$ cat data_4.pdb   # PDB, C-alpha atoms
ATOM      1  CA  MET A1063       2.638 -38.096 -87.412
ATOM      2  CA  LYS A1064       2.100 -34.898 -89.348
ATOM      3  CA  ILE A1065       3.807 -31.718 -88.105
ATOM      4  CA  LEU A1066       4.663 -28.363 -89.658
ATOM      5  CA  VAL A1067       8.341 -27.562 -90.137
ATOM      6  CA  ASN A1068       8.967 -23.976 -91.180
ATOM      7  CA  SER A1069       5.283 -23.916 -92.207
ATOM      8  CA  GLU A1070       5.676 -26.951 -94.525
ATOM      9  CA  PRO A1071       3.664 -30.110 -93.684
ATOM     10  CA  ARG A1072       6.033 -32.997 -92.950
ATOM     11  CA  GLU A1073       5.458 -36.620 -91.970
ATOM     12  CA  ILE A1074       7.757 -37.886 -89.240
ATOM     13  CA  THR A1075       7.972 -40.879 -86.950
ATOM     14  CA  GLY A1076       9.421 -38.909 -84.012
ATOM     15  CA  PRO A1077       9.057 -39.255 -81.135
ATOM     16  CA  SER A1078      11.385 -36.413 -80.096
ATOM     17  CA  LEU A1079      12.333 -33.100 -81.693
ATOM     18  CA  ALA A1080      15.934 -34.303 -81.983
ATOM     19  CA  ALA A1081      14.812 -37.459 -83.794
ATOM     20  CA  ALA A1082      12.588 -35.470 -86.144
ATOM     21  CA  LEU A1083      15.421 -33.126 -87.076
ATOM     22  CA  MET A1084      17.684 -36.080 -87.825
ATOM     23  CA  GLU A1085      14.956 -37.756 -89.825
ATOM     24  CA  LEU A1086      14.340 -34.626 -91.883
ATOM     25  CA  GLY A1087      18.027 -34.060 -92.583
ATOM     26  CA  TYR A1088      18.703 -31.059 -90.381
ATOM     27  CA  THR A1089      22.206 -32.082 -89.393
ATOM     28  CA  SER A1090      23.925 -28.673 -89.350
ATOM     29  CA  PRO A1091      25.240 -27.671 -85.933
ATOM     30  CA  ALA A1092      24.391 -24.045 -86.731
ATOM     31  CA  ILE A1093      20.636 -24.286 -86.249
ATOM     32  CA  ALA A1094      18.275 -23.243 -83.487
ATOM     33  CA  THR A1095      14.787 -24.573 -82.886
ATOM     34  CA  ALA A1096      11.439 -23.436 -81.578
ATOM     35  CA  LEU A1097       8.330 -25.492 -80.914
ATOM     36  CA  ASN A1098       4.953 -23.758 -81.127
ATOM     37  CA  GLY A1099       6.663 -20.397 -80.695
ATOM     38  CA  GLN A1100       8.811 -21.422 -77.716
ATOM     39  CA  PHE A1101      12.587 -21.757 -77.909
ATOM     40  CA  VAL A1102      13.878 -25.303 -77.449
ATOM     41  CA  ALA A1103      17.570 -25.393 -76.577
ATOM     42  CA  ARG A1104      19.902 -27.808 -78.342
ATOM     43  CA  ASP A1105      20.364 -29.872 -75.186
ATOM     44  CA  ALA A1106      16.608 -30.139 -74.660
ATOM     45  CA  ARG A1107      15.689 -31.431 -78.125
ATOM     46  CA  ALA A1108      16.163 -35.116 -77.304
ATOM     47  CA  ALA A1109      13.763 -34.904 -74.372
ATOM     48  CA  GLN A1110      11.228 -32.768 -76.228
ATOM     49  CA  PRO A1111       8.299 -34.932 -77.415
ATOM     50  CA  LEU A1112       6.311 -33.957 -80.489
ATOM     51  CA  ALA A1113       2.575 -34.180 -81.039
ATOM     52  CA  PRO A1114       0.584 -34.175 -84.284
ATOM     53  CA  GLY A1115       0.086 -30.653 -85.567
ATOM     54  CA  ASP A1116       3.098 -29.218 -83.733
ATOM     55  CA  ARG A1117       4.757 -26.230 -85.374
ATOM     56  CA  VAL A1118       8.535 -26.488 -85.492
ATOM     57  CA  GLU A1119      10.774 -23.637 -86.589
ATOM     58  CA  VAL A1120      14.346 -24.380 -87.651
ATOM     59  CA  LEU A1121      16.434 -21.227 -88.006
ATOM     60  CA  ALA A1122      20.013 -20.643 -89.076
ATOM     61  CA  PRO A1123      22.438 -17.716 -89.408
ATOM     62  CA  MET A1124      21.603 -15.355 -92.235
ATOM     63  CA  GLN A1125      22.730 -11.959 -93.464
ATOM     64  CA  GLY A1126      21.122  -9.103 -91.549
ATOM     65  CA  GLY A1127      21.204  -5.389 -90.884
TER      66      GLY A1127
ATOM     67  CA  MET B 615      34.391   3.101 -76.822
ATOM     68  CA  GLU B 616      32.921   0.699 -74.305
ATOM     69  CA  ILE B 617      29.526  -1.013 -74.343
ATOM     70  CA  TYR B 618      28.525  -3.533 -71.704
ATOM     71  CA  GLY B 619      32.060  -3.429 -70.368
ATOM     72  CA  GLU B 620      33.588  -4.449 -73.693
ATOM     73  CA  THR B 621      35.961  -2.181 -75.579
ATOM     74  CA  LEU B 622      35.071  -1.809 -79.246
ATOM     75  CA  SER B 623      37.792  -1.084 -81.755
ATOM     76  CA  SER B 624      35.796   1.315 -83.936
ATOM     77  CA  ARG B 625      32.657   3.408 -83.943
ATOM     78  CA  LEU B 626      31.239   1.896 -87.108
ATOM     79  CA  PHE B 627      28.921  -1.113 -86.949
ATOM     80  CA  LEU B 628      28.103  -2.785 -90.258
ATOM     81  CA  GLY B 629      25.170  -4.865 -91.470
ATOM     82  CA  THR B 630      25.857  -7.950 -93.576
ATOM     83  CA  ALA B 631      22.790  -8.035 -95.858
ATOM     84  CA  GLN B 632      22.292  -7.245 -99.548
ATOM     85  CA  TYR B 633      25.924  -7.370-100.724
ATOM     86  CA  PRO B 634      26.585  -8.393-104.338
ATOM     87  CA  SER B 635      28.603 -11.420-103.181
ATOM     88  CA  PRO B 636      30.055 -13.039-100.051
ATOM     89  CA  ALA B 637      33.532 -11.994-101.205
ATOM     90  CA  ILE B 638      32.498  -8.337-101.436
ATOM     91  CA  LEU B 639      30.909  -8.586 -97.995
ATOM     92  CA  GLN B 640      34.192  -9.854 -96.570
ATOM     93  CA  GLU B 641      36.151  -7.092 -98.309
ATOM     94  CA  ALA B 642      33.685  -4.450 -97.143
ATOM     95  CA  ILE B 643      33.953  -5.628 -93.528
ATOM     96  CA  ALA B 644      37.735  -5.368 -93.742
ATOM     97  CA  ALA B 645      37.630  -1.935 -95.439
ATOM     98  CA  SER B 646      35.167  -0.586 -92.888
ATOM     99  CA  GLY B 647      37.233  -1.626 -89.886
ATOM    100  CA  ALA B 648      33.845  -2.289 -88.268
ATOM    101  CA  ALA B 649      33.869  -3.130 -84.561
ATOM    102  CA  LEU B 650      30.982  -5.495 -85.027
ATOM    103  CA  VAL B 651      28.645  -6.762 -87.719
ATOM    104  CA  THR B 652      24.946  -7.529 -87.497
ATOM    105  CA  VAL B 653      23.431 -10.842 -88.558
ATOM    106  CA  SER B 654      19.983 -12.412 -88.420
ATOM    107  CA  MET B 655      18.224 -15.758 -88.046
ATOM    108  CA  ARG B 656      16.114 -17.141 -90.869
ATOM    109  CA  ARG B 657      14.533 -20.437 -91.793
ATOM    110  CA  GLU B 658      17.066 -23.102 -92.618
ATOM    111  CA  GLY B 659      16.841 -25.197 -95.761
ATOM    112  CA  ILE B 660      17.743 -28.874 -95.668
ATOM    113  CA  HIS B 661      21.097 -28.171 -97.285
ATOM    114  CA  GLY B 662      22.437 -26.047 -94.475
ATOM    115  CA  SER B 663      23.115 -22.714 -96.202
ATOM    116  CA  GLY B 664      23.265 -20.920 -92.848
ATOM    117  CA  ALA B 665      26.369 -22.757 -91.702
ATOM    118  CA  GLY B 666      28.324 -21.552 -94.754
ATOM    119  CA  PHE B 667      27.507 -17.924 -94.049
ATOM    120  CA  TRP B 668      28.369 -18.339 -90.387
ATOM    121  CA  ASN B 669      31.747 -19.908 -91.245
ATOM    122  CA  LEU B 670      32.472 -17.029 -93.617
ATOM    123  CA  LEU B 671      31.786 -14.484 -90.885
ATOM    124  CA  ARG B 672      33.824 -16.337 -88.315
ATOM    125  CA  ASP B 673      36.785 -16.202 -90.695
ATOM    126  CA  THR B 674      36.674 -12.391 -90.562
ATOM    127  CA  GLY B 675      37.201 -12.492 -86.794
ATOM    128  CA  VAL B 676      34.786  -9.597 -86.305
ATOM    129  CA  ARG B 677      32.424  -9.437 -83.331
ATOM    130  CA  ILE B 678      28.825 -10.527 -84.028
ATOM    131  CA  LEU B 679      25.630  -8.693 -83.074
ATOM    132  CA  PRO B 680      22.608 -10.864 -83.956
ATOM    133  CA  ASN B 681      19.307  -9.078 -84.541
ATOM    134  CA  THR B 682      15.636  -9.866 -84.149
ATOM    135  CA  ALA B 683      14.738  -8.247 -87.474
ATOM    136  CA  GLY B 684      11.264  -9.023 -88.736
ATOM    137  CA  CYS B 685       9.765  -9.643 -85.302
ATOM    138  CA  HIS B 686       6.481  -7.826 -84.716
ATOM    139  CA  SER B 687       5.873  -8.755 -81.086
ATOM    140  CA  ALA B 688       7.867  -8.967 -77.876
ATOM    141  CA  ARG B 689       7.221 -12.703 -77.719
ATOM    142  CA  GLU B 690       8.620 -13.331 -81.214
ATOM    143  CA  ALA B 691      11.643 -11.157 -80.483
ATOM    144  CA  VAL B 692      12.377 -12.952 -77.198
ATOM    145  CA  THR B 693      12.193 -16.379 -78.852
ATOM    146  CA  THR B 694      14.399 -15.213 -81.730
ATOM    147  CA  ALA B 695      16.925 -13.755 -79.273
ATOM    148  CA  HIS B 696      17.205 -17.090 -77.490
ATOM    149  CA  MET B 697      17.720 -18.894 -80.792
ATOM    150  CA  ALA B 698      20.392 -16.388 -81.818
ATOM    151  CA  ARG B 699      22.202 -16.654 -78.491
ATOM    152  CA  GLU B 700      22.506 -20.393 -78.882
ATOM    153  CA  VAL B 701      23.717 -20.359 -82.474
ATOM    154  CA  PHE B 702      26.046 -17.353 -82.310
ATOM    155  CA  GLY B 703      27.264 -17.953 -78.784
ATOM    156  CA  THR B 704      26.802 -14.347 -77.660
ATOM    157  CA  PRO B 705      24.416 -12.665 -75.221
ATOM    158  CA  TRP B 706      24.531  -9.494 -77.327
ATOM    159  CA  ILE B 707      21.298  -8.877 -79.222
ATOM    160  CA  LYS B 708      20.124  -6.046 -81.448
ATOM    161  CA  LEU B 709      16.518  -5.929 -80.356
ATOM    162  CA  GLU B 710      14.031  -4.993 -83.058
ATOM    163  CA  VAL B 711      10.312  -5.104 -82.483
ATOM    164  CA  ILE B 712       8.727  -3.667 -85.581
ATOM    165  CA  GLY B 713       5.504  -1.733 -85.210
ATOM    166  CA  HIS B 714       4.732  -0.650 -88.734
ATOM    167  CA  ALA B 715       5.326  -2.600 -91.936
ATOM    168  CA  ASP B 716       5.841   0.424 -94.217
ATOM    169  CA  THR B 717       8.101   2.564 -92.069
ATOM    170  CA  LEU B 718       9.652  -0.303 -90.052
ATOM    171  CA  GLN B 719       9.162   2.016 -87.104
ATOM    172  CA  PRO B 720       9.915   0.348 -83.767
ATOM    173  CA  ASP B 721       6.981  -0.742 -81.606
ATOM    174  CA  VAL B 722       8.423   0.939 -78.548
ATOM    175  CA  PHE B 723       5.926  -0.697 -76.186
ATOM    176  CA  GLY B 724       6.869  -4.195 -77.306
ATOM    177  CA  LEU B 725      10.499  -3.098 -77.361
ATOM    178  CA  VAL B 726      10.542  -2.088 -73.692
ATOM    179  CA  GLU B 727       8.678  -5.260 -72.734
ATOM    180  CA  ALA B 728      11.122  -7.509 -74.602
ATOM    181  CA  ALA B 729      14.155  -5.543 -73.362
ATOM    182  CA  LYS B 730      13.130  -6.159 -69.764
ATOM    183  CA  ILE B 731      12.557  -9.882 -70.303
ATOM    184  CA  LEU B 732      15.846 -10.343 -72.123
ATOM    185  CA  SER B 733      17.949  -8.205 -69.767
ATOM    186  CA  ASP B 734      16.603 -10.181 -66.811
ATOM    187  CA  ASP B 735      17.649 -13.328 -68.652
ATOM    188  CA  GLY B 736      21.264 -12.215 -69.071
ATOM    189  CA  PHE B 737      21.096 -10.726 -72.548
ATOM    190  CA  LYS B 738      23.004  -7.535 -73.409
ATOM    191  CA  VAL B 739      20.322  -5.651 -75.290
ATOM    192  CA  PHE B 740      20.994  -3.136 -78.083
ATOM    193  CA  PRO B 741      17.508  -1.703 -78.694
ATOM    194  CA  TYR B 742      16.583  -0.262 -82.089
ATOM    195  CA  THR B 743      14.432   2.628 -80.926
ATOM    196  CA  THR B 744      13.241   6.111 -81.812
ATOM    197  CA  ASP B 745      14.654   9.366 -80.472
ATOM    198  CA  ASP B 746      11.888   9.528 -77.837
ATOM    199  CA  LEU B 747      13.482  10.431 -74.500
ATOM    200  CA  VAL B 748      10.863   8.746 -72.334
ATOM    201  CA  VAL B 749      11.202   5.505 -74.243
ATOM    202  CA  GLY B 750      14.961   5.813 -73.796
ATOM    203  CA  GLU B 751      14.500   6.142 -70.059
ATOM    204  CA  ARG B 752      12.238   3.090 -69.977
ATOM    205  CA  LEU B 753      14.779   1.083 -71.941
ATOM    206  CA  GLN B 754      17.536   2.155 -69.579
ATOM    207  CA  ALA B 755      15.377   1.158 -66.611
ATOM    208  CA  ALA B 756      14.781  -2.198 -68.334
ATOM    209  CA  GLY B 757      18.533  -2.825 -68.263
ATOM    210  CA  CYS B 758      19.778  -1.439 -71.578
ATOM    211  CA  GLU B 759      23.268   0.076 -71.381
ATOM    212  CA  VAL B 760      23.116   1.398 -74.946
ATOM    213  CA  LEU B 761      20.388   2.979 -77.088
ATOM    214  CA  MET B 762      20.177   2.807 -80.869
ATOM    215  CA  PRO B 763      17.864   5.557 -82.160
ATOM    216  CA  TRP B 764      16.953   5.555 -85.820
ATOM    217  CA  GLY B 765      18.310   8.281 -88.079
ATOM    218  CA  ALA B 766      15.581   7.680 -90.681
ATOM    219  CA  PRO B 767      13.545   4.627 -91.739
ATOM    220  CA  ILE B 768      15.583   1.461 -92.343
ATOM    221  CA  GLY B 769      17.017   1.284 -95.835
ATOM    222  CA  SER B 770      15.792   4.753 -96.803
ATOM    223  CA  GLY B 771      19.194   6.425 -96.982
ATOM    224  CA  ARG B 772      17.576   9.702 -96.010
ATOM    225  CA  GLY B 773      20.172  10.605 -93.414
ATOM    226  CA  LEU B 774      19.208  12.193 -90.111
ATOM    227  CA  ALA B 775      15.492  13.004 -90.309
ATOM    228  CA  ASN B 776      15.486  14.708 -86.916
ATOM    229  CA  PRO B 777      18.940  15.894 -85.858
ATOM    230  CA  GLU B 778      17.444  17.999 -83.069
ATOM    231  CA  GLY B 779      15.899  14.880 -81.561
ATOM    232  CA  LEU B 780      19.285  13.164 -81.569
ATOM    233  CA  ARG B 781      20.910  16.251 -80.074
ATOM    234  CA  ALA B 782      18.323  16.241 -77.286
ATOM    235  CA  MET B 783      18.991  12.556 -76.727
ATOM    236  CA  ARG B 784      22.696  13.211 -76.371
ATOM    237  CA  ALA B 785      21.996  15.939 -73.821
ATOM    238  CA  HIS B 786      19.509  13.779 -71.925
ATOM    239  CA  PHE B 787      21.743  10.693 -71.796
ATOM    240  CA  PRO B 788      25.237  12.186 -71.506
ATOM    241  CA  GLU B 789      26.902   8.966 -70.341
ATOM    242  CA  LEU B 790      24.904   6.290 -72.169
ATOM    243  CA  PRO B 791      26.370   5.006 -75.451
ATOM    244  CA  LEU B 792      24.133   6.149 -78.328
ATOM    245  CA  VAL B 793      24.329   4.504 -81.734
ATOM    246  CA  VAL B 794      22.501   5.895 -84.766
ATOM    247  CA  ASP B 795      20.925   2.849 -86.355
ATOM    248  CA  ALA B 796      19.251   3.036 -89.762
ATOM    249  CA  GLY B 797      18.719   5.754 -92.337
ATOM    250  CA  ILE B 798      22.334   6.612 -93.085
ATOM    251  CA  GLY B 799      22.807   7.054 -96.841
ATOM    252  CA  ARG B 800      26.039   8.920 -97.351
ATOM    253  CA  PRO B 801      29.299   9.506 -95.525
ATOM    254  CA  SER B 802      28.153  13.048 -94.683
ATOM    255  CA  ASP B 803      25.153  11.571 -92.816
ATOM    256  CA  ALA B 804      27.453   9.398 -90.736
ATOM    257  CA  ALA B 805      29.768  12.332 -90.029
ATOM    258  CA  ALA B 806      26.773  14.494 -89.044
ATOM    259  CA  ALA B 807      25.617  11.881 -86.537
ATOM    260  CA  MET B 808      29.054  11.738 -84.978
ATOM    261  CA  GLU B 809      29.351  15.531 -84.925
ATOM    262  CA  LEU B 810      26.187  15.586 -82.815
ATOM    263  CA  GLY B 811      28.179  13.655 -80.261
ATOM    264  CA  LEU B 812      26.670  10.236 -80.776
ATOM    265  CA  ASP B 813      29.017   7.381 -80.050
ATOM    266  CA  ALA B 814      28.712   5.170 -83.098
ATOM    267  CA  VAL B 815      26.841   4.513 -86.328
ATOM    268  CA  LEU B 816      25.233   1.293 -87.513
ATOM    269  CA  LEU B 817      24.568   1.080 -91.245
ATOM    270  CA  ASN B 818      24.087  -1.529 -93.917
ATOM    271  CA  THR B 819      22.271  -0.558 -97.106
ATOM    272  CA  ALA B 820      24.415   2.553 -97.659
ATOM    273  CA  VAL B 821      27.444   0.304 -98.119
ATOM    274  CA  ALA B 822      25.838  -2.826 -99.568
ATOM    275  CA  LYS B 823      23.898  -0.936-102.257
ATOM    276  CA  ALA B 824      26.651   1.517-103.217
ATOM    277  CA  GLY B 825      28.136   1.086-106.680
ATOM    278  CA  ASP B 826      31.407   0.208-104.978
ATOM    279  CA  PRO B 827      30.559  -1.284-101.572
ATOM    280  CA  VAL B 828      34.188  -1.714-100.539
ATOM    281  CA  GLY B 829      34.985   1.900-101.423
ATOM    282  CA  MET B 830      31.906   3.095 -99.553
ATOM    283  CA  ALA B 831      32.840   0.992 -96.517
ATOM    284  CA  ARG B 832      36.161   2.810 -96.368
ATOM    285  CA  ALA B 833      34.459   6.188 -96.909
ATOM    286  CA  MET B 834      32.046   5.501 -94.042
ATOM    287  CA  ALA B 835      34.905   4.517 -91.754
ATOM    288  CA  LEU B 836      36.678   7.802 -92.461
ATOM    289  CA  ALA B 837      33.457   9.813 -92.100
ATOM    290  CA  VAL B 838      32.679   8.279 -88.722
ATOM    291  CA  GLU B 839      36.186   8.947 -87.494
ATOM    292  CA  ALA B 840      36.189  12.514 -88.886
ATOM    293  CA  GLY B 841      32.832  13.293 -87.301
ATOM    294  CA  HIS B 842      33.914  11.888 -83.971
ATOM    295  CA  LEU B 843      37.219  13.773 -83.944
ATOM    296  CA  GLY B 844      35.393  16.931 -85.036
ATOM    297  CA  HIS B 845      32.947  16.643 -82.160
ATOM    298  CA  ARG B 846      35.725  16.097 -79.652
ATOM    299  CA  ALA B 847      37.600  19.112 -81.034
ATOM    300  CA  ASP B 848      34.679  21.386 -80.047
ATOM    301  CA  PRO B 849      33.551  23.091 -83.284
ATOM    302  CA  MET B 850      33.220  26.865 -83.460
ATOM    303  CA  GLU B 851      29.821  28.506 -83.145
ATOM    304  CA  ARG B 852      28.030  29.526 -86.324
ATOM    305  CA  ARG B 853      27.766  33.239 -87.091
ATOM    306  CA  ASP B 854      25.159  35.068 -89.078
ATOM    307  CA  MET B 855      27.620  37.500 -90.695
ATOM    308  CA  ALA B 856      31.053  37.219 -92.273
ATOM    309  CA  VAL B 857      34.033  37.848 -90.030
ATOM    310  CA  PRO B 858      37.388  38.208 -91.806
ATOM    311  CA  SER B 859      39.807  35.461 -90.908
ATOM    312  CA  THR B 860      42.834  37.395 -92.182
ATOM    313  CA  PRO B 861      43.906  40.072 -89.670
ATOM    314  CA  VAL B 862      42.665  43.595 -90.454
ATOM    315  CA  LEU B 863      45.478  45.137 -88.445
ATOM    316  CA  GLY B 864      48.314  46.184 -90.741
ATOM    317  CA  LEU B 865      46.139  46.225 -93.833
ATOM    318  CA  ALA B 866      47.728  48.398 -96.551
ATOM    319  CA  GLU B 867      45.953  51.451 -97.895
ATOM    320  CA  LEU B 868      46.258  51.125-101.634
ATOM    321  CA  THR B 869      43.487  53.396-102.838
TER     322      THR B 869
END

$ encode --input "data_4.pdb" --output "structure tokens"
Amino acid sequence: MKILVNSEPREITGPSLAAALMELGYTSPAIATALNGQFVARDARAAQPLAPGDRVEVLAPMQGG
Amino acid sequence: MEIYGETLSSRLFLGTAQYPSPAILQEAIAASGAALVTVSMRREGIHGSGAGFWNLLRDTGVRILPNTAGCHSAREAVTTAHMAREVFGTPWIKLEVIGHADTLQPDVFGLVEAAKILSDDGFKVFPYTTDDLVVGERLQAAGCEVLMPWGAPIGSGRGLANPEGLRAMRAHFPELPLVVDAGIGRPSDAAAAMELGLDAVLLNTAVAKAGDPVGMARAMALAVEAGHLGHRADPMERRDMAVPSTPVLGLAELT
């Protein structure tokens, strides 16, 4: 299915958010995720199904003021 | 000083952005003696650049204050705060809800809304706000045990645009920790904020964009300490006219 990851169109097999992250190569432990603007905790990713057109955000620590 | 029941080792908080190199950032943190450093959350590339930065910061041993920089609504800020809490492992959050793209002025309505949601959810909120007293009261009612009024627009280096507003804030919230956040350009600005009786200063660009960031980090640390000690020492009142400091009594007549 096609989803958007950090606004980029990506093709994944899914079915879960955890599986999609693995498939796309997001293996760092220092990431946090949101699905369609809602936070999805690390422990909830495996049970979080994805649907075509879903918007996934993958964020990581960055410099800030 | 204490915030949310935690004792902080210094009154200088330092941002981590815009340094010439990671090594200079580490040196600047050490030179500043900062009690905590601010960090943000941004989109991760496939190669995991965020983890490297996070490991670098953890090596410094300094306390982390994640921010919600760049969020323009309460909803965005709340989601970002949750993401930051998970990654950084702290309930402390510098809450920014930006209302204006040019001035980066806080949207105080969204700020109060997000502060309430996050406080109720166990976050320890550090709100980036204005010097408006009513907004401060609303933030306190929302659960904030610290307020962070701006000195001047973020990154402007203009110093304290409205020192009277900060003075009024100090008088209005005598017990609440107040941190000047944003606008500091020079050590004298930081000292001035502390002389007004504020509790701490948060700055970033003034150090990161100095010709010698490590030297400026040290200068800011000394300025914050000097301003704080000066405030505690109860400065003299200003006078309109000169008053001789050398005793007049016993002055020779040599004419």

$ resolve_selection --input "data_4.pdb" --expression "the ChimeraX specification (/A :<7) & /B" --output "list in words"
Gly629, Thr630, Ala631, Thr652, Val653, Ser654, Met655, Arg656, Arg657, Glu658, Ile660, Gly662, Gly664, Ala665, Phe667, Trp668, Thr693, His696, Met697, Glu700, Val701 and Asn818 of chain B

$ atom_distance --input "data_4.pdb" --atom1 "atom CA of Ala804 of chain B" --atom2 "atom CA of Leu790 of chain B"
19.0 Å

$ residues_around --input "data_4.pdb" --residues "segment 726-736 of chain B" --least-positions-apart "4" --cutoff "9 Å" --atoms "all atoms listed in the file" --output "PDB file with C-alpha atoms, in the frame of the given file"
ATOM      1  CA  SER B 687       5.873  -8.755 -81.086  1.00  0.00           C
ATOM      2  CA  ALA B 688       7.867  -8.967 -77.876  1.00  0.00           C
ATOM      3  CA  ARG B 689       7.221 -12.703 -77.719  1.00  0.00           C
ATOM      4  CA  ALA B 691      11.643 -11.157 -80.483  1.00  0.00           C
ATOM      5  CA  VAL B 692      12.377 -12.952 -77.198  1.00  0.00           C
ATOM      6  CA  ALA B 695      16.925 -13.755 -79.273  1.00  0.00           C
ATOM      7  CA  HIS B 696      17.205 -17.090 -77.490  1.00  0.00           C
ATOM      8  CA  PRO B 705      24.416 -12.665 -75.221  1.00  0.00           C
ATOM      9  CA  LEU B 709      16.518  -5.929 -80.356  1.00  0.00           C
ATOM     10  CA  VAL B 711      10.312  -5.104 -82.483  1.00  0.00           C
ATOM     11  CA  ASP B 721       6.981  -0.742 -81.606  1.00  0.00           C
ATOM     12  CA  VAL B 722       8.423   0.939 -78.548  1.00  0.00           C
ATOM     13  CA  PHE B 740      20.994  -3.136 -78.083  1.00  0.00           C
ATOM     14  CA  PRO B 741      17.508  -1.703 -78.694  1.00  0.00           C
ATOM     15  CA  VAL B 749      11.202   5.505 -74.243  1.00  0.00           C
ATOM     16  CA  ARG B 752      12.238   3.090 -69.977  1.00  0.00           C
ATOM     17  CA  LEU B 753      14.779   1.083 -71.941  1.00  0.00           C
ATOM     18  CA  ALA B 755      15.377   1.158 -66.611  1.00  0.00           C
ATOM     19  CA  ALA B 756      14.781  -2.198 -68.334  1.00  0.00           C
ATOM     20  CA  GLY B 757      18.533  -2.825 -68.263  1.00  0.00           C
ATOM     21  CA  CYS B 758      19.778  -1.439 -71.578  1.00  0.00           C
TER      22      CYS B 758
END

$ closest_residue --input "data_4.pdb" --among "A:Pro1071, A:Leu1097, A:Lys1064, A:Ser1078" --to "Leu1112 of chain A" --atoms "only C-alpha atoms"
A:Ser1078

$ closest_residue --input "data_4.pdb" --among "B:Gly771, B:Gly844, B:Gly779, B:Pro634" --to "Leu747 of chain B" --atoms "all atoms listed in the file"
B:Gly779

$ closest_residue --input "data_4.pdb" --among "B:Asp795, B:Glu710, B:Glu751, B:Glu839" --to "Thr819 of chain B" --atoms "only C-alpha atoms"
B:Asp795

$ closest_residue --input "data_4.pdb" --among "B:Gly799, B:Gly666, B:Gly750, B:Gly765" --to "Ala831 of chain B" --atoms "all atoms listed in the file"
B:Gly799

$ residues_near_point --input "data_4.pdb" --point "(6.5, -40.3, -86.3)" --cutoff "9 Å" --atoms "all atoms listed in the file" --output "number ranges by chain"
A: 1063-1064, 1073-1078, 1082, 1112-1114

$ resolve_selection --input "data_4.pdb" --expression "the PyMOL selection byres ((chain B and resi 644) around 10)" --output "PyMOL selection string"
chain B and resi 638-643+645-648+674-676+828+831-832

$ resolve_selection --input "data_4.pdb" --expression "the PyMOL selection byres ((chain B and resi 768) around 10)" --output "list in words"
Gly1127 of chain A; Asp716, Thr717, Leu718, Gln719, Trp764, Gly765, Ala766, Pro767, Gly769, Ser770, Gly771, Arg772, Asp795, Ala796, Gly797, Ile798, Leu817, Asn818 and Thr819 of chain B

$ axis_aligned_box --input "data_4.pdb" --around "segment 1092-1104 of chain A" --padding-each-side "4 Å" --output "JSON"
{"center_x": 14.7, "center_y": -24.1, "center_z": -81.7, "size_x": 27.4, "size_y": 15.4, "size_z": 18.2}

$ atom_distance --input "data_4.pdb" --atom1 "atom CA of Asn1098 of chain A" --atom2 "atom CA of Arg1117 of chain A"
4.9 Å

$ atom_distance --input "data_4.pdb" --atom1 "atom CA of Val1118 of chain A" --atom2 "atom CA of His686 of chain B"
18.8 Å

$ residues_around --input "data_4.pdb" --residues "Leu1079 of chain A" --least-positions-apart "5" --cutoff "7 Å" --atoms "only C-alpha atoms" --output "list in words"
Arg1107, Ala1108, Gln1110, Pro1111 and Leu1112 of chain A

$ residues_near_point --input "data_4.pdb" --point "(21.8, -9.9, -75.7)" --cutoff "7 Å" --atoms "all atoms listed in the file" --output "list of chain:residue names"
B:Thr704, B:Pro705, B:Trp706, B:Ile707, B:Leu732, B:Phe737, B:Lys738, B:Val739

$ write_last_selection --input "data_4.pdb" --atoms "C-alpha atoms" --output "mmCIF file, keeping the file's coordinate frame"
data_model
loop_
_atom_site.group_PDB
_atom_site.id
_atom_site.type_symbol
_atom_site.label_atom_id
_atom_site.label_comp_id
_atom_site.auth_asym_id
_atom_site.auth_seq_id
_atom_site.Cartn_x
_atom_site.Cartn_y
_atom_site.Cartn_z
ATOM 1 C CA THR B 704 26.802 -14.347 -77.660
ATOM 2 C CA PRO B 705 24.416 -12.665 -75.221
ATOM 3 C CA TRP B 706 24.531 -9.494 -77.327
ATOM 4 C CA ILE B 707 21.298 -8.877 -79.222
ATOM 5 C CA LEU B 732 15.846 -10.343 -72.123
ATOM 6 C CA PHE B 737 21.096 -10.726 -72.548
ATOM 7 C CA LYS B 738 23.004 -7.535 -73.409
ATOM 8 C CA VAL B 739 20.322 -5.651 -75.290
#

$ residues_around --input "data_4.pdb" --residues "Pro763 of chain B" --least-positions-apart "5" --cutoff "6 Å" --atoms "all atoms listed in the file" --output "mmCIF file with C-alpha atoms, in the coordinates of the input"
data_model
loop_
_atom_site.group_PDB
_atom_site.id
_atom_site.type_symbol
_atom_site.label_atom_id
_atom_site.label_comp_id
_atom_site.auth_asym_id
_atom_site.auth_seq_id
_atom_site.Cartn_x
_atom_site.Cartn_y
_atom_site.Cartn_z
ATOM 1 C CA TYR B 742 16.583 -0.262 -82.089
ATOM 2 C CA THR B 743 14.432 2.628 -80.926
ATOM 3 C CA THR B 744 13.241 6.111 -81.812
ATOM 4 C CA ASP B 745 14.654 9.366 -80.472
ATOM 5 C CA VAL B 794 22.501 5.895 -84.766
ATOM 6 C CA ASP B 795 20.925 2.849 -86.355
#

$ residues_around --input "data_4.pdb" --residues "Leu650 of chain B" --least-positions-apart "3" --cutoff "6 Å" --atoms "only C-alpha atoms" --output "mmCIF file with C-alpha atoms, in the frame of the given file"
data_model
loop_
_atom_site.group_PDB
_atom_site.id
_atom_site.type_symbol
_atom_site.label_atom_id
_atom_site.label_comp_id
_atom_site.auth_asym_id
_atom_site.auth_seq_id
_atom_site.Cartn_x
_atom_site.Cartn_y
_atom_site.Cartn_z
ATOM 1 C CA PHE B 627 28.921 -1.113 -86.949
ATOM 2 C CA VAL B 676 34.786 -9.597 -86.305
ATOM 3 C CA ARG B 677 32.424 -9.437 -83.331
ATOM 4 C CA ILE B 678 28.825 -10.527 -84.028
#
